[in-house]
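Scroll down for the structure; my scribbles are underneath it.
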Amino acid sequence: MTLALYDTAAREVRDFIPLRPGQVSVYLCGATVQGIPHIGHVRSGIAFDVLRRWLAYHGNDVLFVRNVTDIDDKILRKAADAGRPWWEWAATHERAFNSAYDALGVLPPSAEPRATGFITQMVSYMERLIERGHAYAADGNVYFDVRSLPSYGELSGHKLDDVHQGESAGTGKRDPRDFTLWKAAKPDEPSWPTPWGDGRPGWHLECSAMATGLLGPEFDIHCGGMDLVFPHHENEIAQSHGAGDPFARYWLHNGWVTMSGEKMSKSLGNVVAIPEMLKRVRPVELRYYLGSAHYRSMLEYSEAALHEAAAGFRRVESFVQRVNSRAGAVEVGDVTTEFAAALDDDLGVPAALAVIHNVVRHGNSALESGDADAAVAAASSVRAMMGILGVDPLDPHWAADAGQDEAATQALDVLVRAELERRTRARADKDWPTADAVRDRLAQAGVEVTDTPDGAQWTLKG
């Protein structure tokens with residue numbers, strides 16, 4: 001089956017055909033490093049890490065660029081409020097984001113450009129736009145003339161009469177709908193020289209310069225959160241097409257993490273920071289939770305949902321670990337046809353997880369019946385599929401996180417299995433008080449028992 005992806009610009013699922021066979025170029029709008037990352041920030045990193053892994057599984061050489069916005073109004077304001085240099089504030093929080101990505105098993109990008117490292121390319125971009133009649137300079141500022149591009153609004157569906165850029169008017173704007181490419185220098189703010197005067201870049205210009213500077217004038221996929229469709233990505237398209245670059249061929253956008261139906265953001269005060277989250281669950285469990293919903297859907301955060309997902313991961317982990325210890329070494333195998341079909345259908349992770357849990361159920365039955373070969377085959381496939389999702393329980397990345405847990409889980413499994421065998425015998429003898437007493441004792445110890453057609457299964461309560 002051909003990989004198909006929902007293209008925001010086309011408003012439909014399209015077969016993915018790379019610009020160059022065997023090579024895929026991807027640009028992901030990364031962090032504006034103004035503060036400590038929360039789970040809403042890292043969802044796009046996890047969602048498109050799965051895309052990257054799946055593209056690589058298909059045999060592609062993936063060039064994956066994730067930028068850093070290290071100069072921005074919010075960064076300058078927060079640094080000033082804290083009495084710290086803006087560059088130090090940005091660098092500190094860039095490290096915090098990279099630490100969060102690494103903790104959650106997100107592969108490092110092929111390149112991670114900073115906006116401040118692409119000023120020269122931004123100046124060249126503005127020169128091209130002015131020469132082509134799509135931009136103008138005024139009082140040291142440079143603006144994009146949205147009326148000069150008839151296709152403006154093609155990504156978001158906005159009509160020009162309804163456009164509001166959400167930025168201050170600035171001096172010299174011909175039309176309030178025009179957006180800023182370059183901001184004239186202000187006292188006590190960083191600035192760089194240009195033919196139109198000293199200043200600093202506008203947010204939208206940064207990404208066009210970094211994307212085309214590293215991936216070329218045309219590349220395969222541009223990713224980001226759905227909140228970036230307008231104005232950020234709309235303006236990226238406008239200035240890139242205005243400069244004569246074809247730019248991105250596919251546009252992918254992930255849904256928000258919400259709380260009580262509202263987008264998780266610092267302004268709403270409903271932030272769940274990554275360091276705090278990692279006190280509640282293991283990094284691999286948080287990764288599993290954040291990646292479990294379809295990337296285009298909203299993920300409504302709750303403690304109950306988090307712990308339910310963590311318990312779901314532990315069921316898979318327990319199976320792989322028990323097979324590895326009881327039936328022989330479990331190497332990474334191959335994904336199932338059903339799993340491949342799910343991911344080829346616009347990265348259908350929920351359907352893919354259903355496939356994984358079905359394989360786990362059959363693998364547990366094989367293990368309990370003594371069919372070691374079938375159990376190892378199932379566990380090998382599970383490792384491959386979980387690896388595509390970035391949560392292979394035996395991946396060395398999670399070793400420090402799970403080393404002692406694995407030994408403890410194996411020891412606990414021996415003890416719980418003995419109790420479950422006692423319960424099975426009691427039920428066969430219709431000794432219901434003994435069977436109930438075993439189940440109650442396990443429940444008090446935090447072990448939840450589920451009776452299935454394949455026998456009793458156990459998990460630790462979240």
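Naming scheme: A, B, ... for chains in displayed order of the structure tokens; residues 1 onward per chain; ligands 1 onward as shown.
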Tell me, as a PyMOL selection string, which residues lie within 12 Å of range 90-96 of chain A, counting only C-alpha atoms; anything in the same chain fewer than 2 positions away does not count. chain A and resi 30-38+41-42+67-80+84-88+98-103+112-116+273-275
So that each row is one residue of range 213-318 of chain A with an atom at most 12 Å from range 366-382 of chain A, can you give its shortest atom pair and the distance in Å to one decimal, using only C-alpha atoms, rows by chain and rising number, as a Markdown table?
```
| residue | atom | partner | partner_atom | distance |
| --- | --- | --- | --- | --- |
| A:Phe313 | CA | A:Val382 | CA | 11.7 |
| A:Arg315 | CA | A:Val382 | CA | 11.8 |
| A:Val316 | CA | A:Val382 | CA | 8.1 |
| A:Glu317 | CA | A:Val382 | CA | 9.6 |
| A:Ser318 | CA | A:Ala379 | CA | 10.5 |
```
Long-range neighbours of range 222-237 of chain A as a PDB file with all heavy atoms, in the first residue's frame, 6 Å cut-off, only C-alpha atoms, 3 positions minimum in chain:
```pdb
ATOM      1  N   VAL A  26      12.055  16.970   5.111  1.00  0.00           N
ATOM      2  CA  VAL A  26      10.993  17.372   6.033  1.00  0.00           C
ATOM      3  C   VAL A  26      11.456  18.573   6.853  1.00  0.00           C
ATOM      4  O   VAL A  26      12.577  18.584   7.370  1.00  0.00           O
ATOM      5  CB  VAL A  26      10.626  16.226   7.000  1.00  0.00           C
ATOM      6  CG1 VAL A  26       9.475  16.646   7.925  1.00  0.00           C
ATOM      7  CG2 VAL A  26      10.266  14.959   6.244  1.00  0.00           C
ATOM      8  N   TYR A  27      10.585  19.574   6.961  1.00  0.00           N
ATOM      9  CA  TYR A  27      10.847  20.727   7.824  1.00  0.00           C
ATOM     10  C   TYR A  27       9.752  20.799   8.880  1.00  0.00           C
ATOM     11  O   TYR A  27       8.561  20.839   8.547  1.00  0.00           O
ATOM     12  CB  TYR A  27      10.859  22.025   7.017  1.00  0.00           C
ATOM     13  CG  TYR A  27      11.204  23.266   7.829  1.00  0.00           C
ATOM     14  CD1 TYR A  27      12.527  23.647   8.012  1.00  0.00           C
ATOM     15  CD2 TYR A  27      10.205  24.036   8.412  1.00  0.00           C
ATOM     16  CE1 TYR A  27      12.848  24.773   8.751  1.00  0.00           C
ATOM     17  CE2 TYR A  27      10.526  25.176   9.160  1.00  0.00           C
ATOM     18  CZ  TYR A  27      11.848  25.533   9.320  1.00  0.00           C
ATOM     19  OH  TYR A  27      12.171  26.655  10.059  1.00  0.00           O
ATOM     20  N   LEU A  28      10.153  20.795  10.145  1.00  0.00           N
ATOM     21  CA  LEU A  28       9.221  20.907  11.254  1.00  0.00           C
ATOM     22  C   LEU A  28       9.453  22.221  11.985  1.00  0.00           C
ATOM     23  O   LEU A  28      10.578  22.511  12.412  1.00  0.00           O
ATOM     24  CB  LEU A  28       9.410  19.742  12.232  1.00  0.00           C
ATOM     25  CG  LEU A  28       8.657  19.842  13.565  1.00  0.00           C
ATOM     26  CD1 LEU A  28       7.145  19.897  13.341  1.00  0.00           C
ATOM     27  CD2 LEU A  28       9.026  18.670  14.472  1.00  0.00           C
ATOM     28  N   CYS A  29       8.396  23.011  12.123  1.00  0.00           N
ATOM     29  CA  CYS A  29       8.493  24.233  12.923  1.00  0.00           C
ATOM     30  C   CYS A  29       8.732  23.840  14.370  1.00  0.00           C
ATOM     31  O   CYS A  29       7.864  23.237  15.010  1.00  0.00           O
ATOM     32  CB  CYS A  29       7.210  25.055  12.805  1.00  0.00           C
ATOM     33  SG  CYS A  29       7.194  26.172  11.394  1.00  0.00           S
ATOM     34  N   LEU A 155      -3.760  28.310   1.958  1.00  0.00           N
ATOM     35  CA  LEU A 155      -3.585  27.239   2.938  1.00  0.00           C
ATOM     36  C   LEU A 155      -4.709  27.238   3.967  1.00  0.00           C
ATOM     37  O   LEU A 155      -5.326  26.210   4.239  1.00  0.00           O
ATOM     38  CB  LEU A 155      -2.232  27.383   3.641  1.00  0.00           C
ATOM     39  CG  LEU A 155      -1.934  26.332   4.716  1.00  0.00           C
ATOM     40  CD1 LEU A 155      -1.743  24.962   4.080  1.00  0.00           C
ATOM     41  CD2 LEU A 155      -0.717  26.707   5.547  1.00  0.00           C
ATOM     42  N   HIS A 204       7.823  34.991  10.618  1.00  0.00           N
ATOM     43  CA  HIS A 204       7.508  34.208   9.422  1.00  0.00           C
ATOM     44  C   HIS A 204       8.708  34.107   8.482  1.00  0.00           C
ATOM     45  O   HIS A 204       8.968  33.054   7.905  1.00  0.00           O
ATOM     46  CB  HIS A 204       6.322  34.834   8.695  1.00  0.00           C
ATOM     47  CG  HIS A 204       5.211  35.232   9.617  1.00  0.00           C
ATOM     48  ND1 HIS A 204       4.581  34.340  10.448  1.00  0.00           N
ATOM     49  CD2 HIS A 204       4.635  36.454   9.855  1.00  0.00           C
ATOM     50  CE1 HIS A 204       3.652  34.973  11.155  1.00  0.00           C
ATOM     51  NE2 HIS A 204       3.669  36.257  10.813  1.00  0.00           N
ATOM     52  N   SER A 208      11.012  30.579   6.352  1.00  0.00           N
ATOM     53  CA  SER A 208      11.241  30.464   4.904  1.00  0.00           C
ATOM     54  C   SER A 208      12.731  30.427   4.602  1.00  0.00           C
ATOM     55  O   SER A 208      13.194  29.651   3.758  1.00  0.00           O
ATOM     56  CB  SER A 208      10.576  31.630   4.168  1.00  0.00           C
ATOM     57  OG  SER A 208       9.174  31.483   4.143  1.00  0.00           O
ATOM     58  N   SER A 240       7.426  32.824   0.381  1.00  0.00           N
ATOM     59  CA  SER A 240       8.221  31.881  -0.409  1.00  0.00           C
ATOM     60  C   SER A 240       7.775  31.878  -1.863  1.00  0.00           C
ATOM     61  O   SER A 240       8.603  31.947  -2.781  1.00  0.00           O
ATOM     62  CB  SER A 240       8.121  30.473   0.186  1.00  0.00           C
ATOM     63  OG  SER A 240       8.618  30.461   1.517  1.00  0.00           O
ATOM     64  N   HIS A 241       6.471  31.807  -2.088  1.00  0.00           N
ATOM     65  CA  HIS A 241       5.971  31.860  -3.461  1.00  0.00           C
ATOM     66  C   HIS A 241       6.246  33.236  -4.073  1.00  0.00           C
ATOM     67  O   HIS A 241       6.563  33.336  -5.269  1.00  0.00           O
ATOM     68  CB  HIS A 241       4.481  31.558  -3.487  1.00  0.00           C
ATOM     69  CG  HIS A 241       4.155  30.122  -3.232  1.00  0.00           C
ATOM     70  ND1 HIS A 241       2.875  29.621  -3.267  1.00  0.00           N
ATOM     71  CD2 HIS A 241       4.957  29.058  -2.941  1.00  0.00           C
ATOM     72  CE1 HIS A 241       2.901  28.316  -3.015  1.00  0.00           C
ATOM     73  NE2 HIS A 241       4.157  27.953  -2.807  1.00  0.00           N
ATOM     74  N   ALA A 248       7.046  23.990   0.063  1.00  0.00           N
ATOM     75  CA  ALA A 248       6.643  22.649   0.491  1.00  0.00           C
ATOM     76  C   ALA A 248       5.589  22.048  -0.431  1.00  0.00           C
ATOM     77  O   ALA A 248       4.676  22.730  -0.879  1.00  0.00           O
ATOM     78  CB  ALA A 248       6.112  22.697   1.919  1.00  0.00           C
ATOM     79  N   TRP A 251       1.644  19.675   3.326  1.00  0.00           N
ATOM     80  CA  TRP A 251       1.555  20.380   4.619  1.00  0.00           C
ATOM     81  C   TRP A 251       0.820  19.491   5.616  1.00  0.00           C
ATOM     82  O   TRP A 251      -0.344  19.134   5.399  1.00  0.00           O
ATOM     83  CB  TRP A 251       0.823  21.706   4.455  1.00  0.00           C
ATOM     84  CG  TRP A 251       1.634  22.727   3.728  1.00  0.00           C
ATOM     85  CD1 TRP A 251       1.759  22.890   2.381  1.00  0.00           C
ATOM     86  CD2 TRP A 251       2.442  23.748   4.328  1.00  0.00           C
ATOM     87  NE1 TRP A 251       2.603  23.940   2.094  1.00  0.00           N
ATOM     88  CE2 TRP A 251       3.039  24.484   3.272  1.00  0.00           C
ATOM     89  CE3 TRP A 251       2.729  24.122   5.643  1.00  0.00           C
ATOM     90  CZ2 TRP A 251       3.894  25.566   3.505  1.00  0.00           C
ATOM     91  CZ3 TRP A 251       3.578  25.191   5.874  1.00  0.00           C
ATOM     92  CH2 TRP A 251       4.152  25.899   4.821  1.00  0.00           C
ATOM     93  N   LEU A 252       1.511  19.134   6.722  1.00  0.00           N
ATOM     94  CA  LEU A 252       0.919  18.282   7.748  1.00  0.00           C
ATOM     95  C   LEU A 252       0.824  19.067   9.059  1.00  0.00           C
ATOM     96  O   LEU A 252       1.784  19.748   9.453  1.00  0.00           O
ATOM     97  CB  LEU A 252       1.772  17.034   7.974  1.00  0.00           C
ATOM     98  CG  LEU A 252       1.510  15.825   7.069  1.00  0.00           C
ATOM     99  CD1 LEU A 252       1.759  16.161   5.596  1.00  0.00           C
ATOM    100  CD2 LEU A 252       2.369  14.648   7.500  1.00  0.00           C
ATOM    101  N   HIS A 253      -0.315  18.934   9.733  1.00  0.00           N
ATOM    102  CA  HIS A 253      -0.522  19.673  10.985  1.00  0.00           C
ATOM    103  C   HIS A 253      -1.090  18.747  12.059  1.00  0.00           C
ATOM    104  O   HIS A 253      -2.041  17.997  11.801  1.00  0.00           O
ATOM    105  CB  HIS A 253      -1.462  20.853  10.762  1.00  0.00           C
ATOM    106  CG  HIS A 253      -0.862  21.928   9.911  1.00  0.00           C
ATOM    107  ND1 HIS A 253      -1.042  21.977   8.538  1.00  0.00           N
ATOM    108  CD2 HIS A 253      -0.060  22.975  10.237  1.00  0.00           C
ATOM    109  CE1 HIS A 253      -0.384  23.016   8.050  1.00  0.00           C
ATOM    110  NE2 HIS A 253       0.221  23.629   9.058  1.00  0.00           N
ATOM    111  N   ASN A 254      -0.496  18.811  13.234  1.00  0.00           N
ATOM    112  CA  ASN A 254      -0.977  17.999  14.352  1.00  0.00           C
ATOM    113  C   ASN A 254      -1.949  18.786  15.228  1.00  0.00           C
ATOM    114  O   ASN A 254      -1.902  20.009  15.307  1.00  0.00           O
ATOM    115  CB  ASN A 254       0.199  17.520  15.214  1.00  0.00           C
ATOM    116  CG  ASN A 254       0.941  18.643  15.901  1.00  0.00           C
ATOM    117  OD1 ASN A 254       1.803  19.274  15.291  1.00  0.00           O
ATOM    118  ND2 ASN A 254       0.631  18.919  17.174  1.00  0.00           N
ATOM    119  N   GLY A 255      -2.839  18.045  15.888  1.00  0.00           N
ATOM    120  CA  GLY A 255      -3.806  18.652  16.799  1.00  0.00           C
ATOM    121  C   GLY A 255      -3.163  19.064  18.104  1.00  0.00           C
ATOM    122  O   GLY A 255      -2.033  18.709  18.431  1.00  0.00           O
TER     123      GLY A 255
END
```
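What separates CA of Leu394 in chain A from CA of Val320 in chain A is a distance of 8.0 Å.
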Polymer residues at most 9 Å from Leu343 in chain A, only C-alpha atoms, same-chain spacing of 4 or more positions, as number ranges by chain: A: 3-4, 51, 54, 338-339, 347-349, 351-352
Restricting to only C-alpha atoms, whichever of A:Ile221, A:Met264, A:Val257, A:Val284 is closest to Glu300 in chain A is A:Val257
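Atom pair CA of Lys186 in chain A / CA of Ser148 in chain A has a distance of 28.6 Å (rounded to one decimal).
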Against range 287-295 of chain A, which residues of range 6-109 of chain A fall within 10 Å? For each one I want the closest pair of atoms and the distance in Å (one decimal), counting only C-alpha atoms, rows by chain and increasing residue number, as a Markdown table.
```
| residue | atom | partner | partner_atom | distance |
| --- | --- | --- | --- | --- |
| A:Ile39 | CA | A:Leu290 | CA | 7.8 |
| A:Gly40 | CA | A:Leu290 | CA | 9.0 |
| A:Val42 | CA | A:Leu290 | CA | 8.6 |
| A:Arg43 | CA | A:Leu290 | CA | 6.2 |
| A:Ser44 | CA | A:Tyr295 | CA | 8.1 |
| A:Gly45 | CA | A:Gly291 | CA | 9.7 |
| A:Ile46 | CA | A:Gly291 | CA | 6.3 |
| A:Ala47 | CA | A:Tyr295 | CA | 5.8 |
| A:Phe48 | CA | A:Tyr295 | CA | 8.3 |
| A:Asp49 | CA | A:Gly291 | CA | 9.6 |
| A:Val50 | CA | A:Gly291 | CA | 8.3 |
| A:Leu51 | CA | A:Tyr295 | CA | 9.9 |
| A:Tyr101 | CA | A:Arg287 | CA | 9.8 |
| A:Ala103 | CA | A:Arg287 | CA | 8.9 |
| A:Leu104 | CA | A:Arg287 | CA | 5.5 |
| A:Gly105 | CA | A:Arg287 | CA | 7.6 |
| A:Val106 | CA | A:Arg287 | CA | 8.9 |
```
Which of these residues is nearest to Asp245 in chain A, using only C-alpha atoms: A:Arg128, A:Asn364, A:Gln165, A:Glu154? A:Arg128
Determine, counting only C-alpha atoms, which protein, DNA and RNA residues have an atom within 10 Å of an atom of Asp15 in chain A; residues of the same chain fewer than 5 positions away are not included. Present the result as a ChimeraX atom specification. /A:1-7,344-346
Selected residues written out with all heavy atoms, as a PDB file, in the first residue's frame:
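After the write, selection14.pdb holds the following:
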```pdb
ATOM      1  N   MET A   1       0.842  -1.192   0.000  1.00  0.00           N
ATOM      2  CA  MET A   1       0.000   0.000   0.000  1.00  0.00           C
ATOM      3  C   MET A   1       0.876   1.241   0.000  1.00  0.00           C
ATOM      4  O   MET A   1       1.910   1.301   0.665  1.00  0.00           O
ATOM      5  CB  MET A   1      -0.889   0.003   1.243  1.00  0.00           C
ATOM      6  CG  MET A   1      -1.801   1.220   1.362  1.00  0.00           C
ATOM      7  SD  MET A   1      -2.859   1.109   2.818  1.00  0.00           S
ATOM      8  CE  MET A   1      -3.702   2.684   2.701  1.00  0.00           C
ATOM      9  N   THR A   2       0.480   2.262  -0.732  1.00  0.00           N
ATOM     10  CA  THR A   2       1.226   3.519  -0.789  1.00  0.00           C
ATOM     11  C   THR A   2       0.913   4.369   0.428  1.00  0.00           C
ATOM     12  O   THR A   2      -0.239   4.460   0.862  1.00  0.00           O
ATOM     13  CB  THR A   2       0.844   4.297  -2.068  1.00  0.00           C
ATOM     14  OG1 THR A   2       1.130   3.483  -3.203  1.00  0.00           O
ATOM     15  CG2 THR A   2       1.627   5.604  -2.163  1.00  0.00           C
ATOM     16  N   LEU A   3       1.932   5.006   0.980  1.00  0.00           N
ATOM     17  CA  LEU A   3       1.727   5.930   2.092  1.00  0.00           C
ATOM     18  C   LEU A   3       0.873   7.097   1.620  1.00  0.00           C
ATOM     19  O   LEU A   3       1.154   7.728   0.599  1.00  0.00           O
ATOM     20  CB  LEU A   3       3.080   6.442   2.604  1.00  0.00           C
ATOM     21  CG  LEU A   3       3.032   7.548   3.663  1.00  0.00           C
ATOM     22  CD1 LEU A   3       2.321   7.067   4.925  1.00  0.00           C
ATOM     23  CD2 LEU A   3       4.451   8.019   3.990  1.00  0.00           C
ATOM     24  N   ALA A   4      -0.186   7.374   2.373  1.00  0.00           N
ATOM     25  CA  ALA A   4      -1.072   8.493   2.063  1.00  0.00           C
ATOM     26  C   ALA A   4      -1.140   9.412   3.270  1.00  0.00           C
ATOM     27  O   ALA A   4      -1.229   8.951   4.413  1.00  0.00           O
ATOM     28  CB  ALA A   4      -2.468   7.987   1.696  1.00  0.00           C
ATOM     29  N   LEU A   5      -1.074  10.718   3.045  1.00  0.00           N
ATOM     30  CA  LEU A   5      -1.040  11.707   4.115  1.00  0.00           C
ATOM     31  C   LEU A   5      -2.063  12.805   3.856  1.00  0.00           C
ATOM     32  O   LEU A   5      -2.284  13.196   2.703  1.00  0.00           O
ATOM     33  CB  LEU A   5       0.359  12.333   4.218  1.00  0.00           C
ATOM     34  CG  LEU A   5       1.508  11.378   4.521  1.00  0.00           C
ATOM     35  CD1 LEU A   5       2.849  12.080   4.313  1.00  0.00           C
ATOM     36  CD2 LEU A   5       1.399  10.823   5.936  1.00  0.00           C
ATOM     37  N   TYR A   6      -2.647  13.309   4.933  1.00  0.00           N
ATOM     38  CA  TYR A   6      -3.596  14.414   4.789  1.00  0.00           C
ATOM     39  C   TYR A   6      -2.825  15.710   4.578  1.00  0.00           C
ATOM     40  O   TYR A   6      -2.068  16.139   5.451  1.00  0.00           O
ATOM     41  CB  TYR A   6      -4.496  14.544   6.012  1.00  0.00           C
ATOM     42  CG  TYR A   6      -5.548  15.631   5.830  1.00  0.00           C
ATOM     43  CD1 TYR A   6      -6.745  15.356   5.200  1.00  0.00           C
ATOM     44  CD2 TYR A   6      -5.307  16.934   6.259  1.00  0.00           C
ATOM     45  CE1 TYR A   6      -7.698  16.341   5.004  1.00  0.00           C
ATOM     46  CE2 TYR A   6      -6.251  17.936   6.069  1.00  0.00           C
ATOM     47  CZ  TYR A   6      -7.448  17.634   5.446  1.00  0.00           C
ATOM     48  OH  TYR A   6      -8.387  18.621   5.251  1.00  0.00           O
ATOM     49  N   ASP A   7      -3.031  16.318   3.425  1.00  0.00           N
ATOM     50  CA  ASP A   7      -2.364  17.568   3.069  1.00  0.00           C
ATOM     51  C   ASP A   7      -3.320  18.723   3.379  1.00  0.00           C
ATOM     52  O   ASP A   7      -4.380  18.839   2.765  1.00  0.00           O
ATOM     53  CB  ASP A   7      -2.005  17.537   1.582  1.00  0.00           C
ATOM     54  CG  ASP A   7      -1.318  18.807   1.103  1.00  0.00           C
ATOM     55  OD1 ASP A   7      -0.988  19.667   1.944  1.00  0.00           O
ATOM     56  OD2 ASP A   7      -1.126  18.949  -0.117  1.00  0.00           O
ATOM     57  N   ASP A 344       0.198   3.450   6.909  1.00  0.00           N
ATOM     58  CA  ASP A 344       0.149   3.985   5.545  1.00  0.00           C
ATOM     59  C   ASP A 344      -1.106   4.819   5.309  1.00  0.00           C
ATOM     60  O   ASP A 344      -1.156   5.631   4.393  1.00  0.00           O
ATOM     61  CB  ASP A 344       0.210   2.847   4.522  1.00  0.00           C
ATOM     62  CG  ASP A 344       1.637   2.382   4.242  1.00  0.00           C
ATOM     63  OD1 ASP A 344       2.571   3.157   4.523  1.00  0.00           O
ATOM     64  OD2 ASP A 344       1.801   1.256   3.747  1.00  0.00           O
ATOM     65  N   ASP A 345      -2.117   4.612   6.136  1.00  0.00           N
ATOM     66  CA  ASP A 345      -3.350   5.384   6.044  1.00  0.00           C
ATOM     67  C   ASP A 345      -3.253   6.613   6.940  1.00  0.00           C
ATOM     68  O   ASP A 345      -3.816   6.670   8.032  1.00  0.00           O
ATOM     69  CB  ASP A 345      -4.544   4.514   6.440  1.00  0.00           C
ATOM     70  CG  ASP A 345      -5.879   5.229   6.243  1.00  0.00           C
ATOM     71  OD1 ASP A 345      -5.902   6.313   5.620  1.00  0.00           O
ATOM     72  OD2 ASP A 345      -6.892   4.716   6.742  1.00  0.00           O
ATOM     73  N   ASP A 346      -2.461   7.602   6.504  1.00  0.00           N
ATOM     74  CA  ASP A 346      -2.311   8.867   7.218  1.00  0.00           C
ATOM     75  C   ASP A 346      -1.865   8.675   8.660  1.00  0.00           C
ATOM     76  O   ASP A 346      -2.401   9.280   9.586  1.00  0.00           O
ATOM     77  CB  ASP A 346      -3.626   9.662   7.167  1.00  0.00           C
ATOM     78  CG  ASP A 346      -3.441  11.116   7.595  1.00  0.00           C
ATOM     79  OD1 ASP A 346      -2.351  11.670   7.364  1.00  0.00           O
ATOM     80  OD2 ASP A 346      -4.399  11.688   8.153  1.00  0.00           O
TER      81      ASP A 346
END
```
Taking the backbone alone, and naming residues the way the document does, which bits of range 91-260 of chain A are helix (DSSP H, G or I) by DSSP, as number ranges by chain? A: 91-103, 115-131, 146-148, 160-162, 203-215, 226-242
Taking only C-alpha atoms into account, which of A:Glu167, A:Asp178, A:Asp162, A:Asp334 comes nearest Met386 in chain A? A:Asp334
Which parts of range 127-309 of chain A does DSSP call strand (DSSP E) when run on the backbone here, written out as a PyMOL selection string? chain A and resi 135-138+141-144+179-184+199-201+218-225+247-254+257-259+262-263+299-300
Leaving out Gly312 in chain A and any residue of its chain fewer than 6 positions from it, which residues lie within 12 Å of it when counting only C-alpha atoms, given as a PyMOL selection string? chain A and resi 284-286+288-289+292+305-306+318-319+353-354+356-357+360+458-462
Those selected residues, please, written with N, CA, C and O atoms and delivered as a tab-separated table (two decimals), in the first residue's frame.
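The result, stored in out_26.tsv:
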```
chain	number	residue	atom	x	y	z
A	284	VAL	N	9.09	6.74	28.85
A	284	VAL	CA	8.54	5.92	27.77
A	284	VAL	C	7.02	5.87	27.85
A	284	VAL	O	6.32	5.82	26.82
A	285	GLU	N	6.48	5.90	29.07
A	285	GLU	CA	5.02	5.88	29.23
A	285	GLU	C	4.41	7.21	28.80
A	285	GLU	O	3.33	7.23	28.19
A	286	LEU	N	5.10	8.31	29.08
A	286	LEU	CA	4.60	9.61	28.63
A	286	LEU	C	4.66	9.70	27.10
A	286	LEU	O	3.73	10.20	26.47
A	288	TYR	N	4.43	7.18	25.03
A	288	TYR	CA	3.36	6.32	24.55
A	288	TYR	C	2.02	7.05	24.61
A	288	TYR	O	1.23	7.02	23.66
A	289	TYR	N	1.77	7.75	25.70
A	289	TYR	CA	0.51	8.48	25.87
A	289	TYR	C	0.38	9.59	24.84
A	289	TYR	O	-0.65	9.71	24.15
A	292	SER	N	-0.31	8.30	21.30
A	292	SER	CA	-1.33	7.26	21.13
A	292	SER	C	-2.53	7.71	20.31
A	292	SER	O	-3.21	6.89	19.70
A	305	ALA	N	-6.50	9.45	31.90
A	305	ALA	CA	-6.08	9.02	30.56
A	305	ALA	C	-4.59	8.72	30.53
A	305	ALA	O	-4.14	7.75	29.88
A	306	LEU	N	-3.80	9.54	31.20
A	306	LEU	CA	-2.36	9.32	31.26
A	306	LEU	C	-2.04	7.97	31.88
A	306	LEU	O	-1.25	7.18	31.33
A	318	SER	N	5.46	-5.85	29.57
A	318	SER	CA	5.52	-7.08	30.36
A	318	SER	C	5.57	-8.31	29.47
A	318	SER	O	6.35	-9.25	29.72
A	319	PHE	N	4.79	-8.31	28.40
A	319	PHE	CA	4.80	-9.44	27.47
A	319	PHE	C	6.17	-9.63	26.85
A	319	PHE	O	6.73	-10.73	26.84
A	353	LEU	N	-1.94	0.62	17.12
A	353	LEU	CA	-1.85	0.14	18.51
A	353	LEU	C	-2.80	-1.02	18.75
A	353	LEU	O	-2.47	-1.96	19.49
A	354	ALA	N	-3.98	-0.97	18.13
A	354	ALA	CA	-4.92	-2.08	18.26
A	354	ALA	C	-4.30	-3.36	17.70
A	354	ALA	O	-4.46	-4.45	18.27
A	356	ILE	N	-1.08	-4.03	17.58
A	356	ILE	CA	-0.03	-4.44	18.51
A	356	ILE	C	-0.63	-5.21	19.69
A	356	ILE	O	-0.15	-6.29	20.07
A	357	HIS	N	-1.68	-4.68	20.28
A	357	HIS	CA	-2.28	-5.33	21.45
A	357	HIS	C	-2.91	-6.67	21.08
A	357	HIS	O	-2.93	-7.60	21.90
A	360	VAL	N	-0.01	-9.03	20.99
A	360	VAL	CA	0.37	-9.33	22.37
A	360	VAL	C	-0.55	-10.38	22.97
A	360	VAL	O	-0.09	-11.32	23.65
A	458	TRP	N	-2.65	-10.09	33.81
A	458	TRP	CA	-2.50	-9.14	34.91
A	458	TRP	C	-1.72	-7.93	34.48
A	458	TRP	O	-0.89	-7.98	33.58
A	459	THR	N	-2.03	-6.80	35.11
A	459	THR	CA	-1.28	-5.55	34.93
A	459	THR	C	-1.22	-4.85	36.28
A	459	THR	O	-2.04	-5.09	37.17
A	460	LEU	N	-0.22	-3.98	36.41
A	460	LEU	CA	-0.17	-3.13	37.58
A	460	LEU	C	-1.10	-1.95	37.39
A	460	LEU	O	-1.16	-1.37	36.30
A	461	LYS	N	-1.82	-1.61	38.41
A	461	LYS	CA	-2.73	-0.47	38.33
A	461	LYS	C	-1.93	0.81	38.21
A	461	LYS	O	-0.89	0.97	38.86
A	462	GLY	N	-2.43	1.75	37.35
A	462	GLY	CA	-1.75	3.03	37.20
A	462	GLY	C	-1.98	3.91	38.40
A	462	GLY	O	-2.89	3.75	39.16
```
